[in-house]
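Shown below: data35.txt, with compact mmCIF, C-alpha atoms.
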# COMPACT_ATOMS: atom_id res chain seq x y z
CA MET A 10 -14.87 -34.85 -5.14
CA ALA A 11 -11.24 -33.71 -5.18
CA ALA A 12 -10.74 -29.96 -4.91
CA GLY A 13 -9.91 -28.01 -8.02
CA ARG A 14 -7.49 -25.12 -7.96
CA LEU A 15 -7.06 -21.41 -8.47
CA VAL A 16 -4.53 -20.56 -11.19
CA LEU A 17 -3.05 -17.06 -11.42
CA ALA A 18 -1.72 -16.37 -14.91
CA ALA A 19 0.42 -13.50 -16.14
CA THR A 20 -0.68 -12.04 -19.48
CA PRO A 21 1.36 -10.00 -22.02
CA MET A 22 1.88 -6.32 -21.28
CA GLY A 23 1.83 -5.49 -24.97
CA ASP A 24 3.72 -7.93 -27.14
CA ILE A 25 1.51 -10.97 -27.80
CA GLY A 26 4.64 -13.05 -28.30
CA ASP A 27 5.28 -12.92 -24.55
CA ALA A 28 2.31 -15.23 -23.89
CA SER A 29 3.55 -18.56 -22.56
CA GLN A 30 2.38 -21.95 -23.80
CA ARG A 31 1.08 -22.64 -20.32
CA LEU A 32 -1.15 -19.54 -20.55
CA ARG A 33 -2.47 -20.76 -23.92
CA ASP A 34 -3.23 -24.19 -22.49
CA ALA A 35 -4.89 -22.74 -19.39
CA LEU A 36 -7.17 -20.42 -21.38
CA GLY A 37 -8.36 -23.34 -23.45
CA THR A 38 -8.94 -25.82 -20.62
CA ALA A 39 -9.99 -23.88 -17.50
CA ASP A 40 -13.51 -24.52 -16.25
CA VAL A 41 -13.86 -20.85 -15.27
CA VAL A 42 -11.92 -17.85 -16.54
CA ALA A 43 -12.17 -14.88 -14.17
CA ALA A 44 -11.06 -11.83 -16.17
CA GLU A 45 -10.52 -8.18 -15.27
CA ASP A 46 -11.98 -7.29 -18.68
CA THR A 47 -13.79 -10.15 -20.41
CA ARG A 48 -13.59 -8.48 -23.82
CA ARG A 49 -9.84 -8.05 -23.63
CA THR A 50 -9.40 -11.63 -22.47
CA ARG A 51 -11.51 -12.97 -25.35
CA SER A 52 -9.47 -10.80 -27.75
CA LEU A 53 -6.25 -12.17 -26.26
CA ALA A 54 -7.45 -15.75 -26.67
CA LYS A 55 -8.46 -15.08 -30.27
CA ALA A 56 -5.06 -13.54 -31.03
CA LEU A 57 -3.41 -16.63 -29.52
CA GLY A 58 -5.59 -18.97 -31.57
CA VAL A 59 -7.20 -20.38 -28.42
CA GLU A 60 -10.88 -21.20 -27.91
CA ILE A 61 -12.10 -20.56 -24.38
CA THR A 62 -14.40 -23.46 -23.55
CA GLY A 63 -15.05 -22.62 -19.90
CA ARG A 64 -17.33 -20.07 -18.32
CA VAL A 65 -16.01 -16.50 -18.52
CA VAL A 66 -16.87 -14.12 -15.66
CA SER A 67 -15.81 -10.57 -14.98
CA PHE A 68 -13.50 -9.99 -12.02
CA TYR A 69 -12.56 -6.35 -11.49
CA ASP A 70 -12.34 -4.07 -8.45
CA HIS A 71 -16.05 -3.26 -8.07
CA VAL A 72 -17.31 -6.85 -8.36
CA GLU A 73 -14.37 -8.68 -6.78
CA THR A 74 -15.92 -9.15 -3.34
CA ALA A 75 -19.25 -10.33 -4.76
CA ARG A 76 -17.61 -12.86 -7.10
CA ILE A 77 -15.35 -14.54 -4.54
CA PRO A 78 -17.85 -16.91 -2.82
CA GLN A 79 -18.98 -18.52 -6.10
CA LEU A 80 -15.42 -18.88 -7.38
CA LEU A 81 -14.37 -20.56 -4.14
CA ASP A 82 -17.32 -22.94 -4.40
CA ASP A 83 -16.30 -23.73 -8.00
CA ILE A 84 -12.79 -24.62 -6.85
CA ALA A 85 -14.08 -26.69 -3.94
CA ALA A 86 -16.33 -28.55 -6.40
CA GLY A 87 -13.29 -29.65 -8.39
CA GLN A 88 -13.11 -26.96 -11.06
CA THR A 89 -10.07 -25.02 -12.25
CA VAL A 90 -10.51 -21.27 -11.98
CA LEU A 91 -8.09 -19.24 -14.09
CA LEU A 92 -7.58 -15.64 -12.97
CA VAL A 93 -6.20 -13.14 -15.50
CA THR A 94 -5.95 -9.35 -15.63
CA ASP A 95 -5.54 -6.98 -18.55
CA ALA A 96 -1.74 -7.18 -18.40
CA GLY A 97 0.89 -8.64 -16.11
CA MET A 98 0.39 -10.65 -12.93
CA PRO A 99 -2.94 -10.77 -11.05
CA SER A 100 -2.93 -9.43 -7.46
CA VAL A 101 0.09 -7.15 -8.12
CA SER A 102 -1.66 -3.74 -8.24
CA ASP A 103 -4.49 -5.59 -9.99
CA PRO A 104 -7.51 -7.59 -8.80
CA GLY A 105 -6.74 -10.94 -7.22
CA TYR A 106 -5.27 -10.52 -3.76
CA ARG A 107 -8.58 -10.99 -1.95
CA LEU A 108 -9.42 -14.11 -3.95
CA VAL A 109 -6.02 -15.64 -3.21
CA ALA A 110 -6.36 -14.85 0.50
CA ALA A 111 -9.87 -16.33 0.60
CA ALA A 112 -8.71 -19.50 -1.19
CA VAL A 113 -5.83 -19.90 1.25
CA GLU A 114 -8.23 -19.42 4.16
CA ARG A 115 -10.36 -22.29 2.86
CA ASP A 116 -7.26 -24.42 2.25
CA LEU A 117 -7.90 -24.57 -1.50
CA PRO A 118 -4.96 -25.10 -3.90
CA VAL A 119 -3.48 -22.00 -5.50
CA THR A 120 -0.78 -21.99 -8.18
CA CYS A 121 0.73 -19.53 -10.63
CA LEU A 122 1.74 -19.43 -14.28
CA PRO A 123 4.63 -16.90 -14.29
CA GLY A 124 5.15 -14.47 -17.09
CA PRO A 125 5.44 -10.76 -17.99
CA SER A 126 5.89 -8.22 -15.20
CA ALA A 127 6.29 -4.48 -15.56
CA VAL A 128 8.11 -4.40 -12.21
CA THR A 129 10.97 -6.74 -13.05
CA THR A 130 11.17 -5.52 -16.66
CA ALA A 131 11.59 -1.91 -15.53
CA LEU A 132 14.17 -2.90 -12.92
CA ALA A 133 16.23 -4.75 -15.49
CA LEU A 134 16.14 -1.83 -17.95
CA SER A 135 16.70 0.98 -15.44
CA GLY A 136 20.48 0.85 -15.41
CA LEU A 137 20.36 1.44 -11.65
CA PRO A 138 21.60 -0.76 -8.78
CA VAL A 139 18.57 -2.99 -8.13
CA GLU A 140 19.98 -5.93 -6.19
CA ARG A 141 17.49 -4.94 -3.48
CA PHE A 142 14.23 -3.16 -4.23
CA CYS A 143 10.74 -2.41 -2.93
CA PHE A 144 7.52 -2.09 -4.91
CA ASP A 145 5.02 0.58 -3.89
CA GLY A 146 2.21 0.11 -6.42
CA PHE A 147 0.76 3.41 -7.67
CA ALA A 148 2.07 6.67 -6.26
CA PRO A 149 -0.53 8.54 -4.14
CA ARG A 150 -2.73 10.78 -6.26
CA LYS A 151 -2.97 13.80 -3.96
CA GLY A 152 0.01 16.10 -3.65
CA GLY A 153 0.20 16.15 0.15
CA GLN A 154 -0.04 12.40 0.47
CA ARG A 155 2.43 11.94 -2.37
CA ARG A 156 5.04 14.17 -0.71
CA GLU A 157 4.57 12.37 2.59
CA TRP A 158 5.14 9.04 0.79
CA LEU A 159 8.23 10.41 -0.91
CA ARG A 160 9.62 11.46 2.48
CA THR A 161 9.51 7.80 3.53
CA LEU A 162 11.88 7.08 0.63
CA ALA A 163 14.40 9.75 1.57
CA ALA A 164 16.63 7.32 3.45
CA GLU A 165 15.40 4.08 1.82
CA PRO A 166 18.54 2.25 0.61
CA ARG A 167 16.62 -0.04 -1.76
CA ALA A 168 15.57 0.97 -5.24
CA CYS A 169 11.84 1.70 -5.38
CA VAL A 170 9.54 0.76 -8.26
CA PHE A 171 6.14 2.37 -8.65
CA PHE A 172 3.46 3.01 -11.24
CA GLU A 173 2.17 6.44 -12.20
CA ALA A 174 -0.52 7.75 -14.54
CA PRO A 175 0.94 9.80 -17.43
CA HIS A 176 -1.11 12.90 -16.60
CA ARG A 177 0.27 12.92 -13.03
CA LEU A 178 3.89 12.02 -13.81
CA ALA A 179 5.18 15.59 -14.14
CA ASP A 180 3.66 16.60 -10.78
CA CYS A 181 4.95 13.43 -9.15
CA LEU A 182 8.49 13.98 -10.36
CA ALA A 183 8.36 17.67 -9.39
CA ASP A 184 7.39 16.61 -5.87
CA ALA A 185 10.21 14.06 -5.90
CA VAL A 186 12.68 16.82 -6.76
CA ALA A 187 11.35 18.97 -3.91
CA VAL A 188 11.48 16.16 -1.36
CA LEU A 189 14.43 14.03 -2.48
CA GLY A 190 16.54 16.60 -4.30
CA PRO A 191 17.24 17.00 -8.01
CA GLY A 192 20.30 14.75 -8.06
CA ARG A 193 18.71 11.40 -7.17
CA ARG A 194 18.78 9.11 -10.20
CA ALA A 195 15.72 7.40 -11.66
CA ALA A 196 14.36 5.82 -14.82
CA VAL A 197 10.95 6.37 -16.41
CA CYS A 198 9.85 3.32 -18.38
CA ARG A 199 6.91 3.82 -20.70
CA GLU A 200 4.95 1.42 -22.92
CA LEU A 201 7.09 -1.57 -21.91
CA THR A 202 7.24 -4.32 -24.59
CA LYS A 203 5.06 -2.23 -26.91
CA THR A 204 5.88 -0.60 -30.25
CA TYR A 205 6.80 2.76 -28.73
CA GLU A 206 8.68 1.48 -25.69
CA GLU A 207 10.92 4.17 -24.23
CA ILE A 208 13.29 4.21 -21.26
CA VAL A 209 14.36 7.66 -20.09
CA ARG A 210 17.18 7.67 -17.54
CA GLY A 211 18.62 10.60 -15.63
CA THR A 212 18.39 12.62 -12.45
CA LEU A 213 15.04 13.53 -10.94
CA GLY A 214 15.63 17.12 -12.03
CA GLU A 215 16.17 16.09 -15.63
CA LEU A 216 13.24 13.68 -15.68
CA ALA A 217 10.86 16.20 -14.11
CA GLU A 218 11.67 18.64 -16.91
CA TRP A 219 11.27 15.93 -19.58
CA ALA A 220 7.92 14.73 -18.20
CA VAL A 221 6.20 18.10 -18.68
CA GLU A 222 5.95 17.50 -22.44
CA HIS A 223 6.65 13.80 -23.00
CA ALA A 224 4.66 11.67 -20.54
CA ARG A 225 2.50 9.26 -22.53
CA GLY A 226 1.26 5.69 -22.18
CA GLU A 227 1.65 3.29 -19.26
CA ILE A 228 4.39 4.41 -16.89
CA THR A 229 6.66 2.51 -14.51
CA VAL A 230 9.26 4.46 -12.51
CA VAL A 231 12.41 3.10 -10.89
CA LEU A 232 13.92 5.35 -8.22
CA GLU A 233 17.50 4.88 -7.11
CA GLY A 234 17.99 3.88 -3.48
CA ALA A 235 19.32 6.49 -1.06
CA HIS A 236 23.05 6.65 -0.56
CA PRO A 237 24.33 5.96 2.97
CA ALA A 238 24.03 9.04 5.12
CA SER A 239 27.19 11.04 5.54
CA ALA A 240 28.56 10.94 9.08
CA ASP A 241 29.63 14.56 8.72
CA PRO A 242 27.16 17.15 7.35
CA ALA A 243 30.17 19.31 6.50
CA GLU A 244 30.85 16.95 3.59
CA LEU A 245 27.51 17.97 2.04
CA VAL A 246 28.04 21.73 2.14
CA GLY A 247 29.15 21.73 -1.50
CA GLU A 248 25.86 20.14 -2.64
CA VAL A 249 23.89 22.79 -0.75
CA GLU A 250 25.91 25.66 -2.20
CA THR A 251 25.39 24.27 -5.71
CA LEU A 252 21.62 24.41 -5.21
CA VAL A 253 21.85 27.89 -3.74
CA ALA A 254 23.85 29.03 -6.76
CA SER A 255 21.06 27.71 -8.99
CA GLY A 256 18.57 30.01 -7.27
CA LEU A 257 17.26 28.03 -4.29
CA ARG A 258 17.02 29.64 -0.87
CA LEU A 259 19.53 28.30 1.63
CA LYS A 260 16.81 26.84 3.86
CA ASP A 261 15.18 25.01 0.96
CA ALA A 262 18.52 23.77 -0.38
CA CYS A 263 19.43 22.37 3.04
CA GLY A 264 16.05 20.65 3.21
CA GLU A 265 16.49 18.96 -0.15
CA VAL A 266 20.02 17.74 0.50
CA ALA A 267 19.20 16.63 4.04
CA ALA A 268 16.22 14.60 2.84
CA ALA A 269 18.19 12.99 0.02
CA ARG A 270 21.19 12.16 2.21
CA GLY A 271 19.37 11.23 5.40
CA VAL A 272 21.00 13.83 7.67
CA SER A 273 19.62 16.46 10.01
CA ARG A 274 18.48 19.61 8.24
CA ARG A 275 19.47 21.75 11.22
CA GLU A 276 22.96 20.24 11.43
CA LEU A 277 23.45 20.72 7.70
CA TYR A 278 22.27 24.33 7.90
CA ASP A 279 24.69 25.01 10.74
CA ALA A 280 27.51 23.34 8.77
CA VAL A 281 26.87 25.65 5.80
CA LEU A 282 26.91 28.74 8.01
CA ALA A 283 30.12 27.54 9.67
CA ALA A 284 31.77 27.00 6.29
CA ARG A 285 30.74 30.46 5.11
CA SER A 286 32.19 32.12 8.19
CA VAL A 287 35.65 30.66 7.61
Please re-express this file's structure in structure tokens.
Amino acid sequence: MAAGRLVLAATPMGDIGDASQRLRDALGTADVVAAEDTRRTRSLAKALGVEITGRVVSFYDHVETARIPQLLDDIAAGQTVLLVTDAGMPSVSDPGYRLVAAAVERDLPVTCLPGPSAVTTALALSGLPVERFCFDGFAPRKGGQRREWLRTLAAEPRACVFFEAPHRLADCLADAVAVLGPGRRAAVCRELTKTYEEIVRGTLGELAEWAVEHARGEITVVLEGAHPASADPAELVGEVETLVASGLRLKDACGEVAAARGVSRRELYDAVLAARSV
């Protein structure tokens, strides 16, 4: 029997009108629908006026590994397995990567029905230079790990997109201010495509202050890429003195500017002292 195929399908993030006709057709014809949340998938199908005729199985993080062998056997037996998550594209910070890798390993066909993506939607709405970008999934939950991750972005020239839980957003942005400096630009995109969609743009300092009271819903953050490092730390003395004037200690101000601009903290500190002695 000819092999079937695995079909990855993007689902709406909020607005049901974003569902493609191909998604509608696939939900109604697939032999197996593997869903992150079977109830949400059945509700989606009902809202789209589609009757799911195939077998519906759950496919979320805790059962993913156990489900894979049977799904691969279904594909090998000639069936079409449709993989959907609660919103957006499977395998992008959602279940699916391991199933795709296993299907590829067995040389089984894999295809994709493109559609809504929080990543590209946020990039387009950010108002930042995003010709080149990286995607880092969810920000680390623990403060120490999060700050270490942010340090890897200090000199990253590409824009960075990441997800964050609303109850951690304020802490995350506060850490970003401490590590990257308050002047780096970013955009917080919340409830994309939904009724209360909101895009808040500004510096990290401004966004960190806003997030204390206003972080709600599903959050996607776009962080501006780092500017090219200055060849001469003396050119950055003014930025340091501005932070010092706002109340920061000289050492801390040098650390923030050095991290944001990709220069040596020691050389910047020495440049500030030299400028003050003139």
*In Å, how far is it from atom CA of A:Val246 to atom CA of A:Gly152?*
29.2 Å
Would you mind listing what lies within 12 Å of A:Gln30 as a PDB file with C-alpha atoms, in the coordinates of the input, with only C-alpha atoms counted and same-chain residues fewer than 5 positions away left out?
ATOM      1  CA  ALA A  18      -1.720 -16.370 -14.910  1.00  0.00           C
ATOM      2  CA  ALA A  19       0.420 -13.500 -16.140  1.00  0.00           C
ATOM      3  CA  THR A  20      -0.680 -12.040 -19.480  1.00  0.00           C
ATOM      4  CA  ILE A  25       1.510 -10.970 -27.800  1.00  0.00           C
ATOM      5  CA  ALA A  35      -4.890 -22.740 -19.390  1.00  0.00           C
ATOM      6  CA  LEU A  36      -7.170 -20.420 -21.380  1.00  0.00           C
ATOM      7  CA  GLY A  37      -8.360 -23.340 -23.450  1.00  0.00           C
ATOM      8  CA  ALA A  54      -7.450 -15.750 -26.670  1.00  0.00           C
ATOM      9  CA  LEU A  57      -3.410 -16.630 -29.520  1.00  0.00           C
ATOM     10  CA  GLY A  58      -5.590 -18.970 -31.570  1.00  0.00           C
ATOM     11  CA  VAL A  59      -7.200 -20.380 -28.420  1.00  0.00           C
ATOM     12  CA  LEU A 122       1.740 -19.430 -14.280  1.00  0.00           C
ATOM     13  CA  PRO A 123       4.630 -16.900 -14.290  1.00  0.00           C
ATOM     14  CA  GLY A 124       5.150 -14.470 -17.090  1.00  0.00           C
TER      15      GLY A 124
END
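The spacing separating atom CA of A:Ala195 from atom CA of A:Leu232 amounts to 4.4 Å.
The nearest approach to A:Arg270 among the residues A:Gly190, A:Ala196, A:Leu282, A:Val287, with all atoms listed in the file taken into account, belongs to A:Gly190.
Closest approach to A:Val42 from the set A:Leu80, A:His71, A:Ala56, A:Glu207 is made by A:Leu80, with distances taken over all atoms listed in the file.
Closest to A:Ile61 among A:Val170, A:Leu277, A:Leu189, A:Ala39 is A:Ala39, based on all atoms listed in the file.
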*Using only C-alpha atoms, determine which residues lie at most 8 Å from stretch 273-275 of chain A, disregarding the query and same-chain residues fewer than 3 positions distant; provide the list as a ChimeraX atom specification.*
/A:263-264,267-268,278-279
*Can you tell me, as a ChimeraX atom specification, which residues sit within 10 Å of (24.7, 19.9, -2.9) in the file's frame, using all atoms listed in the file?*
/A:190-192,244-254,262-263,265-267,269-270
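Across A:Asp261, A:Glu218, A:Glu200, A:Glu45, the tightest approach to A:Arg76 is made by A:Glu45 when counting all atoms listed in the file.
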*Can you pull out every residue within 10 Å of A:Glu206, counting only C-alpha atoms, but drop anything in the same chain fewer than 4 positions away, and send it as a PyMOL selection string?*
chain A and resi 23+198-202+226-227
*Excluding A:Ala280 and any residue of its chain fewer than 3 positions from it, enumerate the residues within 8 Å of it, using all atoms listed in the file, and give them as a PyMOL selection string.*
chain A and resi 242-243+246+276-277+283-284
*Selection near A:Glu222, 12 Å with only C-alpha atoms, sequence-local residues under 5 positions removed, as a ChimeraX atom specification*: /A:175-180,216-217
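Atom CA of A:Val188 is found 12.3 Å from atom CA of A:Gln154.
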Draw an axis-aligned box over all listed atoms of stretch 274-284 of chain A, pad each side with 3 Å, and write its centre and edge lengths in Å, one decimal, as lines of an AutoDock Vina configuration file.
center_x = 25.1
center_y = 24.2
center_z = 8.6
size_x = 19.3
size_y = 15.1
size_z = 11.6
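Comparing A:Trp158, A:Tyr205, A:Phe142, A:Tyr69 by their smallest distance to A:Gly105, the closest is A:Tyr69 (using all atoms listed in the file).
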Kindly complete stretch 114-125 of chain A to N, CA, C and O atoms; the output should be written as an mmCIF file, keeping the file's coordinate frame.
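After the write, rebuild06.cif holds the following:
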data_model
loop_
_atom_site.group_PDB
_atom_site.id
_atom_site.type_symbol
_atom_site.label_atom_id
_atom_site.label_comp_id
_atom_site.auth_asym_id
_atom_site.auth_seq_id
_atom_site.Cartn_x
_atom_site.Cartn_y
_atom_site.Cartn_z
ATOM 1 N N GLU A 114 -7.469 -19.261 2.910
ATOM 2 C CA GLU A 114 -8.230 -19.420 4.160
ATOM 3 C C GLU A 114 -9.064 -20.693 4.143
ATOM 4 O O GLU A 114 -9.231 -21.355 5.177
ATOM 5 N N ARG A 115 -9.571 -21.066 2.970
ATOM 6 C CA ARG A 115 -10.360 -22.290 2.860
ATOM 7 C C ARG A 115 -9.517 -23.511 2.513
ATOM 8 O O ARG A 115 -10.039 -24.594 2.263
ATOM 9 N N ASP A 116 -8.207 -23.322 2.519
ATOM 10 C CA ASP A 116 -7.260 -24.420 2.250
ATOM 11 C C ASP A 116 -7.475 -25.013 0.866
ATOM 12 O O ASP A 116 -7.378 -26.237 0.673
ATOM 13 N N LEU A 117 -7.736 -24.137 -0.119
ATOM 14 C CA LEU A 117 -7.900 -24.570 -1.500
ATOM 15 C C LEU A 117 -6.587 -24.338 -2.257
ATOM 16 O O LEU A 117 -5.895 -23.349 -2.014
ATOM 17 N N PRO A 118 -6.237 -25.222 -3.185
ATOM 18 C CA PRO A 118 -4.960 -25.100 -3.900
ATOM 19 C C PRO A 118 -4.889 -23.838 -4.750
ATOM 20 O O PRO A 118 -5.839 -23.478 -5.445
ATOM 21 N N VAL A 119 -3.742 -23.187 -4.692
ATOM 22 C CA VAL A 119 -3.480 -22.000 -5.500
ATOM 23 C C VAL A 119 -2.117 -22.180 -6.173
ATOM 24 O O VAL A 119 -1.145 -22.554 -5.516
ATOM 25 N N THR A 120 -2.061 -21.923 -7.479
ATOM 26 C CA THR A 120 -0.780 -21.990 -8.180
ATOM 27 C C THR A 120 -0.666 -20.812 -9.140
ATOM 28 O O THR A 120 -1.597 -20.013 -9.272
ATOM 29 N N CYS A 121 0.465 -20.705 -9.801
ATOM 30 C CA CYS A 121 0.730 -19.530 -10.630
ATOM 31 C C CYS A 121 1.443 -19.915 -11.908
ATOM 32 O O CYS A 121 2.343 -20.766 -11.899
ATOM 33 N N LEU A 122 1.042 -19.296 -13.009
ATOM 34 C CA LEU A 122 1.740 -19.430 -14.280
ATOM 35 C C LEU A 122 2.538 -18.140 -14.481
ATOM 36 O O LEU A 122 1.974 -17.113 -14.831
ATOM 37 N N PRO A 123 3.850 -18.138 -14.223
ATOM 38 C CA PRO A 123 4.630 -16.900 -14.290
ATOM 39 C C PRO A 123 4.719 -16.357 -15.693
ATOM 40 O O PRO A 123 4.477 -17.057 -16.678
ATOM 41 N N GLY A 124 5.061 -15.099 -15.774
ATOM 42 C CA GLY A 124 5.150 -14.470 -17.090
ATOM 43 C C GLY A 124 5.514 -13.005 -16.989
ATOM 44 O O GLY A 124 6.203 -12.592 -16.049
ATOM 45 N N PRO A 125 5.044 -12.169 -17.917
ATOM 46 C CA PRO A 125 5.440 -10.760 -17.990
ATOM 47 C C PRO A 125 5.140 -9.989 -16.704
ATOM 48 O O PRO A 125 4.120 -10.205 -16.050
#
